[in-house]
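Take a look at the structure below.
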Amino acid sequence: TWRLTWLSLLGSAAYLTYEVYKEVNPSPQIPQSPLKPNGNRRKTVVILGSGWGAVSTLKHLDTSLYNVVVVSPRNYFLFTPLLPSVPTGTIDLKSIIDPVRTIAKSTPGEVKYLEAEATDIDIAKKQLTIQHSSYSATSGVHHVTIGGDEAKPIVATIDYDYLVFAIGAQTATFGIPGIEKYAYYLKETADAARIRRSLFETIEASQLLPKDSEERKRLLSVVVCGGGPTGVELAAEIKDYIDEDLSRFVPGIETEMSVTLVEALPNVLNAFNHKLIEYTESIFEKQQLDLRVNTMVKKVDDKNVYATVKKSGGDTENVTIPYGTLVWATGNGPRPLTKAVAAQIEEQKTARRGLLIGEHLLVDGTDSVFALGDCTFTKNPPTAQVAHQEGIYLASHLAKLSKVDDLKYLIAQNTDPEQLVRLQRRLDRAQASIQPFKYTHQGALAYIGSERAVADLVWGDWSNVSTGGSLTFLFWRSAYVSMMLGVRTKILVVSDWIKVKVFGRDCSKE
Ligand code: FAD
Ligand code: NAI
């Protein structure tokens, strides 16, 4: 066995060295000519977004086949699975972001990145309108303006041959009064910074009030609405933070501070196996995390959450939950641009929750717009796993389309009957190689607090494993590290975990 151990260690070291070499020696990104070596015009692919779908497409695309332009207000990729660990400082924000330009440089051809958001798309003209927009990790969106007294936003247009629409989704508020004004979300980096700031502001402010004061109790109440994986993981992380670290800095805070998780349905984590749901709920009970199921939030104001509780007999009761920090994590809704695109296309008239796409990820009713990830509505869940697989598929699909396009061009240029027969055969083969997208579900993982996680794993069509506990927690960590894009971020995340184990999480506001 020692030989096997040595071999696997050597193998891992060689792989790591190769990955590091690739990261520190990016491709030269030489500007590409408008024509390909075979004389055909090089088409333009515009990728909108820098999230899971967009970056997966970019990373797997042979960028020498196209002029590739990436447009996104966020100049980095965010590894969302570890975002719930950021507000508490378990993970440093910088450890889970990769610059778009670094990712672009790891591809063979030149890639242009524009820090902007698309504000309009003219599907008929194949033209995008973009506006400079910069997403800051701590303070949200900023726009650089130009001009003298009358400052104007910087606006430009870009023509595309193919558009990859991967702008994700926004948190759904369902029009519930007060959410937009008073609640924090957990979708982006700045959201994590806002939640942390609020936690500390309320804790520090509460220390000025007498112990038995109702206002002190309210300030120390953290309410998380939505018992999907986002809400569960965040509530668990905050509870860990209070019990394991804040209690060392602010003695007694662990008995005064409360974390409440509010869920409209009878259970949390509804997509998981029922055994794991029960296990999660039992861990919450042990941790004294206040779980309120069957509780539908109807309204919030600056101090209270107003909800309706469904009783077992069918009756309902109105409850008021005071809060100091409120987080809203009740799933996805479409972004305004997604709705604007859908409104232009007859085939999208019924698209309410996202764009409708076909089996090649082409947006129904268009011939050149592909959409993937959370901005679409399909039978697959809105997860990173799906967006990532769609990106891999789309990159290979675009390579096949380039081949088909080149062969059609060569056929149009050629007059030799023998060569034409050969080219036609190659074209038939290239067209036949275009297959529909097929999603392979590998399972779901979620952190539930106290160094425990739950996992619903799938191996092929034949095996399903549902497991929860401390070993699953170790599996959860190693699975997420292996999913990270670069060696640098993998190392940073592991060192964050070691740092927290040795020193604990810190208690600075920023
Ligand atoms: P996103 O990753 O959201 O990317 C959208 C991109 O579009 C962003 O770069 C944004 O800046 C950009 N953009 C927005 N508007 C415009 C515009 N007008 N023009 C140009 N660009 C624009 N899934 C899992 O499978 N496993 C997990 O463990 C997991 N954990 C999660 C934890 C949290 C806290 C959250 C919020 C989500 C989690 N998910 C997880 C879900 C996963 O993150 C999403 O399904 C995934 O991010 C979807 O990828 P996307 O590319 O569609 O969108
Ligand atoms: P979600 O859609 O999974 O869950 C939202 C929850 O909010 C639902 O259970 C819903 O019943 C509840 N809700 C809705 N309105 C409510 C109201 N008014 N009052 C109280 N509760 C209400 O959303 P989430 O967690 O943001 O996840 C979005 C997507 O991202 C999902 O596909 C999820 O699987 C994925 N994700 C996966 C993670 C993982 O695998 N670890 C982590 C985070 C997200």
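Chain labels follow the order of the structure tokens: the first chain is A, the next B, and so on; residue numbering restarts at 1 in every chain, and ligands are counted from 1 in their shown order.
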Once you count only C-alpha atoms, what closest atom pair and distance in Å to one decimal does each residue of segment 330-401 of chain A within 12 Å of segment 225-232 of chain A have, with rows by chain and rising residue number, as a tab-separated table?
```
residue	atom	partner	partner_atom	distance
A:Thr330	CA	A:Gly226	CA	4.5
A:Gly331	CA	A:Gly228	CA	7.6
A:Asn332	CA	A:Gly228	CA	11.1
A:Pro382	CA	A:Pro229	CA	12.0
A:Thr383	CA	A:Pro229	CA	10.8
```
Could you save those same residues with C-alpha atoms as a PDB file, in the first residue's frame?
```pdb
ATOM      1  CA  THR A 330     -36.691  33.117  -0.392  1.00  0.00           C
ATOM      2  CA  GLY A 331     -35.405  32.059  -3.795  1.00  0.00           C
ATOM      3  CA  ASN A 332     -35.023  33.583  -7.247  1.00  0.00           C
ATOM      4  CA  PRO A 382     -31.451  26.890 -10.439  1.00  0.00           C
ATOM      5  CA  THR A 383     -28.096  25.706  -9.122  1.00  0.00           C
TER       6      THR A 383
END
```
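By only C-alpha atoms, and with residues fewer than 3 positions from Pro334 of chain A along its chain excluded, the set lying at most 12 Å from it is Ala166, Ile167, Gly168, Ala169, Gln170, Thr171, Ala172, Thr173, Phe174, Gly331, Leu337, Thr338, Lys339, Ala340, Val341, Ala342, Ala351, Arg352, Arg353, Gly354, Leu355, Gly373, Asp374, Cys375, Thr376, Phe377 and Pro382 of chain A.
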- [ ] Excluding Phe272 of chain A and any residue of its chain fewer than 2 positions from it, enumerate the residues within 10 Å of it, using only C-alpha atoms, and give them as a count of residues only.
- [x] 17
Task: Interatomic distance, atom CA of Tyr18 of chain A to atom CA of Lys105 of chain A (Å, one decimal) - done: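 Atom-to-atom, atom CA of Tyr18 of chain A to atom CA of Lys105 of chain A, that is 15.8 Å.
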Could you build a table of the residues in segment 143-174 of chain A lying no more than 7 Å from segment 120-133 of chain A, giving for each the nearest pair of atoms and their separation in Å rounded to one decimal place, using only C-alpha atoms, ordered by chain and ascending residue number, as JSON lines?
```
{"residue": "A:His143", "atom": "CA", "partner": "A:Ser133", "partner_atom": "CA", "distance": 4.8}
{"residue": "A:Val144", "atom": "CA", "partner": "A:His132", "partner_atom": "CA", "distance": 6.6}
{"residue": "A:Pro153", "atom": "CA", "partner": "A:Gln131", "partner_atom": "CA", "distance": 6.8}
{"residue": "A:Ile154", "atom": "CA", "partner": "A:His132", "partner_atom": "CA", "distance": 5.4}
{"residue": "A:Val155", "atom": "CA", "partner": "A:Gln131", "partner_atom": "CA", "distance": 4.4}
{"residue": "A:Ala156", "atom": "CA", "partner": "A:Ile130", "partner_atom": "CA", "distance": 5.4}
{"residue": "A:Thr157", "atom": "CA", "partner": "A:Thr129", "partner_atom": "CA", "distance": 4.5}
{"residue": "A:Ile158", "atom": "CA", "partner": "A:Leu128", "partner_atom": "CA", "distance": 5.2}
{"residue": "A:Asp159", "atom": "CA", "partner": "A:Gln127", "partner_atom": "CA", "distance": 4.5}
{"residue": "A:Tyr160", "atom": "CA", "partner": "A:Lys126", "partner_atom": "CA", "distance": 5.6}
{"residue": "A:Asp161", "atom": "CA", "partner": "A:Lys126", "partner_atom": "CA", "distance": 6.8}
```
Save the residues we just selected, C-alpha atoms, as an mmCIF file, in the first residue's frame?
```
data_model
loop_
_atom_site.group_PDB
_atom_site.id
_atom_site.type_symbol
_atom_site.label_atom_id
_atom_site.label_comp_id
_atom_site.auth_asym_id
_atom_site.auth_seq_id
_atom_site.Cartn_x
_atom_site.Cartn_y
_atom_site.Cartn_z
ATOM 1 C CA HIS A 143 -21.161 54.098 -12.348
ATOM 2 C CA VAL A 144 -18.315 56.194 -13.738
ATOM 3 C CA PRO A 153 -23.188 57.522 -18.068
ATOM 4 C CA ILE A 154 -20.762 55.803 -20.460
ATOM 5 C CA VAL A 155 -22.903 53.974 -22.989
ATOM 6 C CA ALA A 156 -21.795 51.828 -25.949
ATOM 7 C CA THR A 157 -23.246 49.322 -28.387
ATOM 8 C CA ILE A 158 -21.822 45.944 -29.427
ATOM 9 C CA ASP A 159 -22.842 43.734 -32.336
ATOM 10 C CA TYR A 160 -22.822 40.008 -31.813
ATOM 11 C CA ASP A 161 -23.205 36.873 -33.895
#
```
Task: Counting only C-alpha atoms and all ligand atoms, the residue of A:Arg3, A:Arg335, A:Lys181, A:Lys403 that sits nearest ligand 1 - done: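 Under the stated criterion, the closest residue is A:Arg335.
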Where does DSSP see helix (DSSP H, G or I) in segment 191-429 of chain A, if you list the residues as an mmCIF file with C-alpha atoms, in the first residue's frame?
```cif
data_model
loop_
_atom_site.group_PDB
_atom_site.id
_atom_site.type_symbol
_atom_site.label_atom_id
_atom_site.label_comp_id
_atom_site.auth_asym_id
_atom_site.auth_seq_id
_atom_site.Cartn_x
_atom_site.Cartn_y
_atom_site.Cartn_z
ATOM 1 C CA ASP A 191 -24.704 41.507 0.678
ATOM 2 C CA ALA A 192 -22.330 39.503 2.894
ATOM 3 C CA ALA A 193 -20.533 42.716 3.927
ATOM 4 C CA ARG A 194 -23.869 44.409 4.736
ATOM 5 C CA ILE A 195 -25.047 41.507 6.907
ATOM 6 C CA ARG A 196 -21.777 41.513 8.865
ATOM 7 C CA ARG A 197 -21.974 45.278 9.400
ATOM 8 C CA SER A 198 -25.553 44.999 10.626
ATOM 9 C CA LEU A 199 -24.692 42.143 13.031
ATOM 10 C CA PHE A 200 -21.957 44.210 14.648
ATOM 11 C CA GLU A 201 -23.860 47.499 14.676
ATOM 12 C CA THR A 202 -26.778 45.887 16.468
ATOM 13 C CA ILE A 203 -24.569 43.959 18.918
ATOM 14 C CA GLU A 204 -22.509 47.039 19.823
ATOM 15 C CA ALA A 205 -25.590 49.298 20.057
ATOM 16 C CA SER A 206 -27.392 46.786 22.294
ATOM 17 C CA GLU A 214 -37.140 44.932 24.980
ATOM 18 C CA GLU A 215 -35.168 47.021 22.486
ATOM 19 C CA ARG A 216 -31.916 45.284 23.499
ATOM 20 C CA LYS A 217 -33.614 41.930 22.927
ATOM 21 C CA ARG A 218 -34.860 43.098 19.525
ATOM 22 C CA LEU A 219 -31.452 44.363 18.414
ATOM 23 C CA PRO A 229 -30.270 25.978 1.433
ATOM 24 C CA THR A 230 -29.270 29.690 1.488
ATOM 25 C CA GLY A 231 -31.323 30.489 4.612
ATOM 26 C CA VAL A 232 -30.348 27.254 6.400
ATOM 27 C CA GLU A 233 -26.613 27.663 5.762
ATOM 28 C CA LEU A 234 -26.584 31.334 6.758
ATOM 29 C CA ALA A 235 -28.625 30.808 9.945
ATOM 30 C CA ALA A 236 -26.341 27.883 10.899
ATOM 31 C CA GLU A 237 -23.180 29.927 10.284
ATOM 32 C CA ILE A 238 -24.462 32.851 12.381
ATOM 33 C CA LYS A 239 -25.476 30.549 15.252
ATOM 34 C CA ASP A 240 -21.999 28.895 15.184
ATOM 35 C CA TYR A 241 -20.366 32.310 15.213
ATOM 36 C CA ILE A 242 -22.351 33.461 18.253
ATOM 37 C CA ASP A 243 -21.771 30.252 20.247
ATOM 38 C CA GLU A 244 -18.144 29.605 19.309
ATOM 39 C CA ASP A 245 -16.571 33.052 18.964
ATOM 40 C CA LEU A 246 -18.763 36.032 19.868
ATOM 41 C CA SER A 247 -19.381 34.457 23.280
ATOM 42 C CA ARG A 248 -15.609 34.766 23.956
ATOM 43 C CA PHE A 249 -15.560 38.469 23.139
ATOM 44 C CA ILE A 253 -24.121 37.167 24.294
ATOM 45 C CA GLU A 254 -24.852 33.509 23.476
ATOM 46 C CA THR A 255 -27.814 33.500 25.883
ATOM 47 C CA GLU A 256 -29.096 36.919 24.837
ATOM 48 C CA HIS A 274 -36.920 13.524 4.410
ATOM 49 C CA LYS A 275 -34.399 11.800 6.770
ATOM 50 C CA LEU A 276 -31.950 14.649 6.216
ATOM 51 C CA ILE A 277 -34.691 17.215 6.813
ATOM 52 C CA GLU A 278 -35.503 15.577 10.171
ATOM 53 C CA TYR A 279 -31.793 15.389 11.015
ATOM 54 C CA THR A 280 -31.324 19.094 10.197
ATOM 55 C CA GLU A 281 -34.316 20.064 12.323
ATOM 56 C CA SER A 282 -33.010 17.977 15.246
ATOM 57 C CA ILE A 283 -29.597 19.687 15.030
ATOM 58 C CA PHE A 284 -31.320 23.091 15.019
ATOM 59 C CA GLU A 285 -33.211 22.109 18.166
ATOM 60 C CA LYS A 286 -29.955 21.087 19.889
ATOM 61 C CA GLN A 287 -28.297 24.333 18.830
ATOM 62 C CA PRO A 336 -35.480 43.294 -15.300
ATOM 63 C CA LEU A 337 -33.313 42.660 -18.415
ATOM 64 C CA THR A 338 -34.499 39.048 -18.593
ATOM 65 C CA LYS A 339 -38.104 40.270 -18.498
ATOM 66 C CA ALA A 340 -37.312 42.894 -21.183
ATOM 67 C CA VAL A 341 -35.799 40.235 -23.474
ATOM 68 C CA ALA A 342 -38.778 37.920 -22.952
ATOM 69 C CA ALA A 343 -41.162 40.780 -23.747
ATOM 70 C CA GLN A 344 -39.553 41.179 -27.230
ATOM 71 C CA GLU A 346 -43.538 36.035 -29.084
ATOM 72 C CA GLU A 347 -42.402 32.538 -27.946
ATOM 73 C CA GLN A 348 -41.509 33.922 -24.493
ATOM 74 C CA GLY A 373 -28.232 29.259 -15.491
ATOM 75 C CA ASP A 374 -30.618 31.075 -13.182
ATOM 76 C CA CYS A 375 -31.987 33.440 -15.868
ATOM 77 C CA ALA A 384 -24.399 26.248 -9.786
ATOM 78 C CA GLN A 385 -24.181 22.579 -10.727
ATOM 79 C CA VAL A 386 -26.669 23.043 -13.581
ATOM 80 C CA ALA A 387 -25.181 26.369 -14.782
ATOM 81 C CA HIS A 388 -21.690 24.842 -14.734
ATOM 82 C CA GLN A 389 -22.705 21.800 -16.809
ATOM 83 C CA GLU A 390 -24.651 24.017 -19.227
ATOM 84 C CA GLY A 391 -21.529 26.173 -19.669
ATOM 85 C CA ILE A 392 -19.387 23.134 -20.527
ATOM 86 C CA TYR A 393 -22.026 22.005 -23.015
ATOM 87 C CA LEU A 394 -22.373 25.446 -24.596
ATOM 88 C CA ALA A 395 -18.596 25.820 -25.062
ATOM 89 C CA SER A 396 -18.473 22.537 -26.954
ATOM 90 C CA HIS A 397 -21.664 23.419 -28.887
ATOM 91 C CA LEU A 398 -20.123 26.734 -29.998
ATOM 92 C CA ALA A 399 -16.983 24.888 -31.160
ATOM 93 C CA LYS A 400 -19.211 22.563 -33.228
ATOM 94 C CA LEU A 401 -21.126 25.519 -34.698
ATOM 95 C CA SER A 402 -17.800 27.091 -35.678
ATOM 96 C CA LYS A 403 -16.802 23.880 -37.470
ATOM 97 C CA VAL A 404 -20.144 23.690 -39.295
ATOM 98 C CA ASP A 405 -19.827 27.343 -40.263
ATOM 99 C CA ASP A 406 -16.272 26.809 -41.597
ATOM 100 C CA LEU A 407 -17.330 23.786 -43.649
ATOM 101 C CA LYS A 408 -20.274 25.679 -45.135
ATOM 102 C CA TYR A 409 -17.889 28.496 -46.030
ATOM 103 C CA LEU A 410 -15.415 26.103 -47.671
ATOM 104 C CA ILE A 411 -18.227 24.439 -49.634
ATOM 105 C CA ALA A 412 -19.378 27.833 -50.890
ATOM 106 C CA GLN A 413 -15.794 28.661 -52.009
ATOM 107 C CA PRO A 417 -16.680 18.111 -57.303
ATOM 108 C CA GLU A 418 -14.483 15.540 -55.501
ATOM 109 C CA GLN A 419 -13.523 17.955 -52.758
ATOM 110 C CA LEU A 420 -17.133 19.079 -52.482
ATOM 111 C CA VAL A 421 -18.264 15.503 -51.808
ATOM 112 C CA ARG A 422 -15.611 15.153 -49.103
ATOM 113 C CA LEU A 423 -16.500 18.479 -47.537
ATOM 114 C CA GLN A 424 -20.209 17.633 -47.595
ATOM 115 C CA ARG A 425 -19.485 14.358 -45.758
ATOM 116 C CA ARG A 426 -17.498 16.239 -43.131
ATOM 117 C CA LEU A 427 -20.321 18.733 -42.807
ATOM 118 C CA ASP A 428 -22.886 15.936 -42.332
ATOM 119 C CA ARG A 429 -20.683 14.373 -39.652
#
```
- [ ] Quick one: pick out all strand (DSSP E or B) residues within segment 267-431 of chain A from a backbone DSSP run and write them as JSON, numbers by chain.
- [x] {"A": [290, 291, 292, 295, 296, 297, 298, 299, 300, 304, 305, 306, 307, 308, 309, 310, 316, 317, 318, 319, 320, 321, 322, 325, 326, 327, 328, 332, 333, 355, 357, 362, 363, 369, 370, 371, 376]}
- [ ] List the neighbours of Pro436 of chain A out to 10 Å using only C-alpha atoms; skip same-chain residues closer than 2 positions along the sequence, and give me the result as a ChimeraX atom specification.
- [x] /A:358-361,393,397,433-434,438-439
Task: Who sits within 6 Å of segment 183-188 of chain A, only C-alpha atoms, same chain under 5 positions skipped, as a PyMOL selection string - done: chain A and resi 326-328
Just C-alpha atoms for this one: save the residues we selected as a CSV table (one decimal), in the first residue's frame.
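Listing of part.csv after writing:
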```
chain,number,residue,atom,x,y,z
A,326,LEU,CA,-33.2,40.7,8.8
A,327,VAL,CA,-32.1,38.5,5.9
A,328,TRP,CA,-34.4,37.6,3.0
```
Give me the residues within 8 Å of Phe165 of chain A as a PDB file with C-alpha atoms, in the first residue's frame, counting only C-alpha atoms and dropping any in the same chain fewer than 6 places off.
```pdb
ATOM      1  CA  ILE A  47     -20.902  36.521 -22.997  1.00  0.00           C
ATOM      2  CA  LEU A  48     -23.106  38.412 -20.543  1.00  0.00           C
ATOM      3  CA  GLY A  49     -22.231  37.821 -16.909  1.00  0.00           C
ATOM      4  CA  ALA A  54     -20.772  32.578 -18.072  1.00  0.00           C
ATOM      5  CA  VAL A 369     -29.162  33.917 -28.284  1.00  0.00           C
ATOM      6  CA  PHE A 370     -28.192  31.136 -25.884  1.00  0.00           C
ATOM      7  CA  ALA A 371     -29.267  31.343 -22.257  1.00  0.00           C
ATOM      8  CA  LEU A 372     -28.155  29.308 -19.264  1.00  0.00           C
ATOM      9  CA  CYS A 375     -31.987  33.440 -15.868  1.00  0.00           C
TER      10      CYS A 375
END
```
Task: Within 10 Å of segment 479-489 of chain A using only C-alpha atoms, minus same-chain residues under 3 positions, as a ChimeraX atom specification - done: /A:16-17,19-20,22-23,55-56,59,77-79,81-82,94-98,102-103,385,445,473-476,492-495
- [ ] Between atom CA of Val502 of chain A and atom CA of Tyr15 of chain A, measure the distance and give it in Å to one decimal.
- [x]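 Atom-to-atom, atom CA of Val502 of chain A and atom CA of Tyr15 of chain A are spaced 28.9 Å apart.
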